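Enquirer: Take a look at this one; I'll ask things after.
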Amino acid sequence: MKKTPLVGIFDSGIGGLTVLKECAALLPDCRFVYYGDHKHVPYGSRTAEEIRSFTERAFELFLRMGTDAAVIACNTATAVAAERLRKRFPFPVVGMEPAVKLAAESCQRALVLVTPVTANSRRLRGLMLRFPQCRFRVHSAPDLAAAIERSVLSDSPLSLAEHLPSGEFDGVVLGCTHYVFVREEIERFYGCKTFDGNYGTAQRLKKCLKTAKIGTDDHSEPLATTWNKGANTAQKRVIFVNSIQNPNKCVYSEQMFLKKLKIL
Ligand code: DGL
């Protein structure tokens, strides 16, 4: 029997949990290591060099843990660090990009909500140019990801009106994985649908594992669906890790993880 694939999922904080959810649903035979850089969140207004160095630190840990592939579950880090990570690490690296393509398929006027780093990236500009049929308005929200992180972790209300621009749109691109936590609120705010790249990312990961012949088709049973509950490290389906102070232990308690993401 071949080995169970181990996949690293990285984000500046809790946003990547929404990507982990999709990956775990699509790949029942995989195990995951989740690294949220809670110490340095938010990344959205940091320099490219800082983001690259934080991201590489996480990926070094993935390498030491023997991950077979990794996902940059963060649009901001993908925009500035993906190329360097791909050159430097031996395993496949899957990045994320705002779901501009999905929005362009059904919208004429779409709001693209992103962090400042993503807003200023060549990657996003190039992406939007490929879909001239849709009028995109890019809005960079410097404090929204941090506000969502605080609100989710302390279960406190968030005033979206402080962070969102007014306007009429027929679609909103959630170009930061943190925003997926408040998808319904954003849909109510604008009265239109939203788009994110989470499912597409999970599909790319699946394809990537298959292309690299990582894992196996001969698992007939999905892995334990108990996630972290009562399982020892070897059995855990998701291992939460982080650098100094190991903040994930308290930040991503399994209760919060299961409750907020409705995983089970
Ligand atoms: N969740 C991240 C993203 O998708 C970044 C949020 C932040 O740290 O600013 O862009």
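Lettering and numbering for the structure tokens are positional, with chains as A, B, ... in the shown order, residues counted from 1 in each chain, and ligands counted from 1 in the shown order.
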Within 7 Å of range 7-10 of chain A, counting only C-alpha atoms, which residues show up once you throw out same-chain ones fewer than 2 positions away? Write them as a list in words, please.

Expert: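 Here the qualifying residues turn out to be Pro5, Gly16, Leu20, Arg31, Phe32, Val33, Tyr34, Tyr35, Gly36, Phe62, Thr67, Asp68, Ala69, Ala70, Val71, Ile72 and Ala73 of chain A.
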
Enquirer: Mind dumping the selected residues with C-alpha atoms as a PDB file, in the first residue's frame?

Expert:
ATOM      1  CA  PRO A   5      -0.269  12.126   1.128  1.00  0.00           C
ATOM      2  CA  GLY A  16      -6.564  29.398   4.921  1.00  0.00           C
ATOM      3  CA  LEU A  20      -8.385  23.591   4.098  1.00  0.00           C
ATOM      4  CA  ARG A  31      -3.715  14.400   5.774  1.00  0.00           C
ATOM      5  CA  PHE A  32      -2.968  18.078   6.330  1.00  0.00           C
ATOM      6  CA  VAL A  33      -0.593  20.289   8.253  1.00  0.00           C
ATOM      7  CA  TYR A  34      -2.055  23.758   8.825  1.00  0.00           C
ATOM      8  CA  TYR A  35       0.288  26.690   9.440  1.00  0.00           C
ATOM      9  CA  GLY A  36      -1.360  30.036  10.188  1.00  0.00           C
ATOM     10  CA  PHE A  62       6.629  21.699   5.858  1.00  0.00           C
ATOM     11  CA  THR A  67       4.891  17.196   3.202  1.00  0.00           C
ATOM     12  CA  ASP A  68       4.272  15.922  -0.317  1.00  0.00           C
ATOM     13  CA  ALA A  69       2.776  19.193  -1.552  1.00  0.00           C
ATOM     14  CA  ALA A  70       1.816  22.584  -0.154  1.00  0.00           C
ATOM     15  CA  VAL A  71      -0.894  25.173  -0.743  1.00  0.00           C
ATOM     16  CA  ILE A  72      -0.329  28.891  -0.299  1.00  0.00           C
ATOM     17  CA  ALA A  73      -3.862  29.465   0.955  1.00  0.00           C
TER      18      ALA A  73
END

Enquirer: If DSSP is run on the backbone, what residues of range 32-227 of chain A are strand (DSSP E)? A reply as a short mmCIF file (atom, residue, chain, number, x, y, z; two decimals) with N, CA, C and O atoms, in the first residue's frame would be ideal.

Expert:
data_model
loop_
_atom_site.label_atom_id
_atom_site.label_comp_id
_atom_site.auth_asym_id
_atom_site.auth_seq_id
_atom_site.Cartn_x
_atom_site.Cartn_y
_atom_site.Cartn_z
N PHE A 32 -3.36 16.69 6.53
CA PHE A 32 -2.97 18.08 6.33
C PHE A 32 -2.20 18.63 7.53
O PHE A 32 -2.47 18.25 8.67
N VAL A 33 -1.27 19.52 7.21
CA VAL A 33 -0.59 20.29 8.25
C VAL A 33 -1.02 21.74 8.02
O VAL A 33 -0.84 22.25 6.91
N TYR A 34 -1.62 22.37 9.01
CA TYR A 34 -2.06 23.76 8.83
C TYR A 34 -1.14 24.71 9.58
O TYR A 34 -0.94 24.60 10.79
N TYR A 35 -0.59 25.68 8.84
CA TYR A 35 0.29 26.69 9.44
C TYR A 35 -0.35 28.05 9.20
O TYR A 35 -0.39 28.54 8.09
N GLY A 36 -0.86 28.66 10.27
CA GLY A 36 -1.36 30.04 10.19
C GLY A 36 -0.35 30.91 10.91
O GLY A 36 -0.07 30.68 12.07
N ALA A 69 3.17 18.03 -0.75
CA ALA A 69 2.78 19.19 -1.55
C ALA A 69 2.35 20.27 -0.56
O ALA A 69 2.12 19.97 0.61
N ALA A 70 2.28 21.53 -1.05
CA ALA A 70 1.82 22.58 -0.15
C ALA A 70 0.95 23.57 -0.91
O ALA A 70 1.12 23.78 -2.11
N VAL A 71 0.02 24.18 -0.17
CA VAL A 71 -0.89 25.17 -0.74
C VAL A 71 -0.63 26.51 -0.06
O VAL A 71 -0.61 26.59 1.16
N ILE A 72 -0.41 27.54 -0.87
CA ILE A 72 -0.33 28.89 -0.30
C ILE A 72 -1.78 29.37 -0.27
O ILE A 72 -2.30 29.88 -1.27
N VAL A 93 3.94 23.22 -5.34
CA VAL A 93 3.37 24.34 -4.58
C VAL A 93 2.16 24.89 -5.35
O VAL A 93 2.29 25.32 -6.49
N VAL A 94 1.00 24.83 -4.72
CA VAL A 94 -0.22 25.34 -5.36
C VAL A 94 -0.52 26.72 -4.78
O VAL A 94 -0.54 26.89 -3.56
N ARG A 109 -20.27 43.82 -14.00
CA ARG A 109 -19.61 44.82 -13.16
C ARG A 109 -19.30 44.15 -11.81
O ARG A 109 -20.20 43.89 -11.02
N ALA A 110 -18.03 43.88 -11.60
CA ALA A 110 -17.67 43.13 -10.39
C ALA A 110 -16.70 43.92 -9.51
O ALA A 110 -15.81 44.62 -10.00
N LEU A 111 -16.94 43.80 -8.22
CA LEU A 111 -16.02 44.39 -7.25
C LEU A 111 -14.99 43.33 -6.88
O LEU A 111 -15.34 42.19 -6.59
N VAL A 112 -13.71 43.72 -6.92
CA VAL A 112 -12.65 42.77 -6.54
C VAL A 112 -12.08 43.25 -5.21
O VAL A 112 -11.37 44.25 -5.14
N LEU A 113 -12.44 42.53 -4.16
CA LEU A 113 -12.01 42.92 -2.80
C LEU A 113 -10.70 42.20 -2.47
O LEU A 113 -10.66 40.96 -2.45
N VAL A 114 -9.66 42.96 -2.21
CA VAL A 114 -8.35 42.35 -1.97
C VAL A 114 -7.57 43.13 -0.92
O VAL A 114 -7.97 44.22 -0.51
N ARG A 135 -16.41 44.65 -16.24
CA ARG A 135 -15.77 45.85 -15.66
C ARG A 135 -15.44 45.57 -14.20
O ARG A 135 -16.33 45.34 -13.39
N PHE A 136 -14.16 45.57 -13.89
CA PHE A 136 -13.74 45.27 -12.52
C PHE A 136 -13.44 46.57 -11.77
O PHE A 136 -12.81 47.47 -12.33
N ARG A 137 -13.89 46.61 -10.54
CA ARG A 137 -13.42 47.71 -9.69
C ARG A 137 -12.64 47.07 -8.54
O ARG A 137 -13.19 46.27 -7.77
N VAL A 138 -11.36 47.40 -8.45
CA VAL A 138 -10.53 46.82 -7.40
C VAL A 138 -10.62 47.70 -6.15
O VAL A 138 -10.46 48.92 -6.24
N HIS A 139 -10.90 47.08 -5.03
CA HIS A 139 -10.88 47.83 -3.77
C HIS A 139 -9.94 47.13 -2.80
O HIS A 139 -10.12 45.96 -2.46
N SER A 140 -8.93 47.84 -2.36
CA SER A 140 -8.04 47.23 -1.38
C SER A 140 -8.49 47.66 0.01
O SER A 140 -8.69 48.84 0.27
N GLY A 171 -21.53 41.23 -8.82
CA GLY A 171 -20.74 40.16 -8.24
C GLY A 171 -19.57 40.74 -7.46
O GLY A 171 -19.08 41.84 -7.76
N VAL A 172 -19.16 40.03 -6.42
CA VAL A 172 -18.00 40.47 -5.62
C VAL A 172 -16.99 39.32 -5.56
O VAL A 172 -17.34 38.19 -5.19
N VAL A 173 -15.76 39.62 -5.93
CA VAL A 173 -14.70 38.62 -5.84
C VAL A 173 -14.08 38.72 -4.44
O VAL A 173 -13.58 39.79 -4.06
N LEU A 174 -14.11 37.61 -3.71
CA LEU A 174 -13.50 37.59 -2.37
C LEU A 174 -12.03 37.23 -2.58
O LEU A 174 -11.65 36.06 -2.56
N LYS A 193 -24.08 38.05 -5.66
CA LYS A 193 -23.32 36.86 -5.30
C LYS A 193 -21.82 37.15 -5.17
O LYS A 193 -21.34 38.18 -5.65
N THR A 194 -21.14 36.21 -4.53
CA THR A 194 -19.68 36.37 -4.36
C THR A 194 -18.96 35.19 -5.01
O THR A 194 -19.57 34.15 -5.26
N PHE A 195 -17.68 35.37 -5.25
CA PHE A 195 -16.87 34.33 -5.88
C PHE A 195 -15.56 34.18 -5.10
O PHE A 195 -14.97 35.18 -4.70
#

Enquirer: Which of these, A:Leu27, A:Ala119, A:Leu124, A:Leu129, has the shortest distance to Ala141 in chain A once you count only C-alpha atoms?

Expert: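 Smallest separation from Ala141 in chain A among the options: A:Ala119.
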
Enquirer: Taking only C-alpha atoms into account, which of A:Cys30, A:Tyr190, A:Lys213, A:Glu185 comes nearest Gly167 in chain A?

Expert: A:Tyr190

Enquirer: Could the residues of chain A that have an atom at most 8 Å from ligand 1 be listed as a Markdown table, each with its closest atom pair and the distance in Å to one decimal, counting only C-alpha atoms and all ligand atoms and ordered by chain and ascending residue number?

Expert:
| residue | atom | partner | partner_atom_place_in_ligand_line | distance |
| --- | --- | --- | --- | --- |
| A:Asp11 | CA | ligand 1 | 1 (N) | 5.9 |
| A:Ser12 | CA | ligand 1 | 8 (O) | 4.8 |
| A:Gly13 | CA | ligand 1 | 8 (O) | 6.4 |
| A:Ile14 | CA | ligand 1 | 1 (N) | 7.2 |
| A:Gly15 | CA | ligand 1 | 1 (N) | 4.5 |
| A:Gly16 | CA | ligand 1 | 1 (N) | 6.3 |
| A:His40 | CA | ligand 1 | 8 (O) | 7.9 |
| A:Val41 | CA | ligand 1 | 8 (O) | 4.8 |
| A:Pro42 | CA | ligand 1 | 8 (O) | 3.3 |
| A:Tyr43 | CA | ligand 1 | 8 (O) | 3.7 |
| A:Gly44 | CA | ligand 1 | 9 (O) | 3.4 |
| A:Ser45 | CA | ligand 1 | 9 (O) | 6.8 |
| A:Ala73 | CA | ligand 1 | 4 (O) | 6.4 |
| A:Cys74 | CA | ligand 1 | 4 (O) | 3.4 |
| A:Asn75 | CA | ligand 1 | 4 (O) | 3.9 |
| A:Thr76 | CA | ligand 1 | 10 (O) | 3.9 |
| A:Ala77 | CA | ligand 1 | 10 (O) | 6.6 |
| A:Met96 | CA | ligand 1 | 4 (O) | 7.8 |
| A:Val114 | CA | ligand 1 | 10 (O) | 6.8 |
| A:Thr115 | CA | ligand 1 | 9 (O) | 5.9 |
| A:Thr118 | CA | ligand 1 | 10 (O) | 7.0 |
| A:Pro142 | CA | ligand 1 | 9 (O) | 7.5 |
| A:Asp143 | CA | ligand 1 | 9 (O) | 7.7 |
| A:Leu144 | CA | ligand 1 | 9 (O) | 7.9 |
| A:Ala145 | CA | ligand 1 | 6 (C) | 5.1 |
| A:Ala146 | CA | ligand 1 | 9 (O) | 6.6 |
| A:Gly175 | CA | ligand 1 | 4 (O) | 6.3 |
| A:Cys176 | CA | ligand 1 | 4 (O) | 3.3 |
| A:Thr177 | CA | ligand 1 | 4 (O) | 3.9 |
| A:His178 | CA | ligand 1 | 1 (N) | 4.7 |
| A:Tyr179 | CA | ligand 1 | 1 (N) | 7.7 |

Enquirer: If you run DSSP over the backbone, which residues in range 140-227 of chain A end up helix (DSSP H, G or I)? Put them as an MDAnalysis selection string.

Expert: chainID A and resid 144:154 160:162 177:190 198:211

Enquirer: Generate a file of the selected residues that holds C-alpha atoms, formatted as a tab-separated table (two decimals), in the first residue's frame.

Expert:
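The new file again16.tsv reads:
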chain	number	residue	atom	x	y	z
A	144	LEU	CA	-10.53	43.99	6.75
A	145	ALA	CA	-8.55	40.74	7.07
A	146	ALA	CA	-7.31	41.71	10.55
A	147	ALA	CA	-10.80	42.78	11.60
A	148	ILE	CA	-12.22	39.42	10.44
A	149	GLU	CA	-9.47	37.55	12.25
A	150	ARG	CA	-10.29	39.41	15.48
A	151	SER	CA	-14.02	39.03	15.08
A	152	VAL	CA	-13.91	35.29	14.34
A	153	LEU	CA	-11.50	34.51	17.13
A	154	SER	CA	-13.31	36.52	19.78
A	160	LEU	CA	-18.41	45.69	7.37
A	161	ALA	CA	-19.58	49.17	6.39
A	162	GLU	CA	-16.29	50.53	7.77
A	177	THR	CA	-9.20	33.92	2.04
A	178	HIS	CA	-10.19	35.70	5.25
A	179	TYR	CA	-13.18	37.29	3.48
A	180	VAL	CA	-14.79	33.90	2.95
A	181	PHE	CA	-15.65	33.88	6.67
A	182	VAL	CA	-18.05	36.80	6.04
A	183	ARG	CA	-19.34	35.70	2.64
A	184	GLU	CA	-23.02	35.86	3.61
A	185	GLU	CA	-22.68	39.29	5.18
A	186	ILE	CA	-20.92	40.64	2.06
A	187	GLU	CA	-23.63	39.14	-0.18
A	188	ARG	CA	-26.29	40.84	1.95
A	189	PHE	CA	-24.38	44.13	1.94
A	190	TYR	CA	-24.29	44.35	-1.87
A	198	ASN	CA	-11.12	27.93	-2.80
A	199	TYR	CA	-12.72	25.08	-4.70
A	200	GLY	CA	-10.54	25.76	-7.76
A	201	THR	CA	-7.48	25.60	-5.53
A	202	ALA	CA	-8.54	22.27	-4.07
A	203	GLN	CA	-9.05	20.95	-7.59
A	204	ARG	CA	-5.57	22.13	-8.62
A	205	LEU	CA	-4.11	20.41	-5.59
A	206	LYS	CA	-5.86	17.18	-6.53
A	207	LYS	CA	-4.58	17.39	-10.08
A	208	CYS	CA	-1.10	18.20	-8.88
A	209	LEU	CA	-0.98	15.19	-6.56
A	210	LYS	CA	-2.18	12.99	-9.39
A	211	THR	CA	0.33	14.35	-11.91

Enquirer: If you measure from CA of Arg130 in chain A to CA of Ala212 in chain A, what distance in Å do you get, rounded to one decimal?

Expert: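 Distance between the two atoms: 28.9 Å.
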
Enquirer: Calculated over only C-alpha atoms, which of the candidates A:Thr78, A:Arg123, A:Asp37, A:Phe91 has the smallest distance to Ile214 in chain A?

Expert: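 Of the candidates, the smallest distance to Ile214 in chain A is held by A:Phe91.
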
Enquirer: One number please: CA of Thr55 in chain A to CA of Ala82 in chain A, in Å, one decimal.

Expert: 9.3 Å
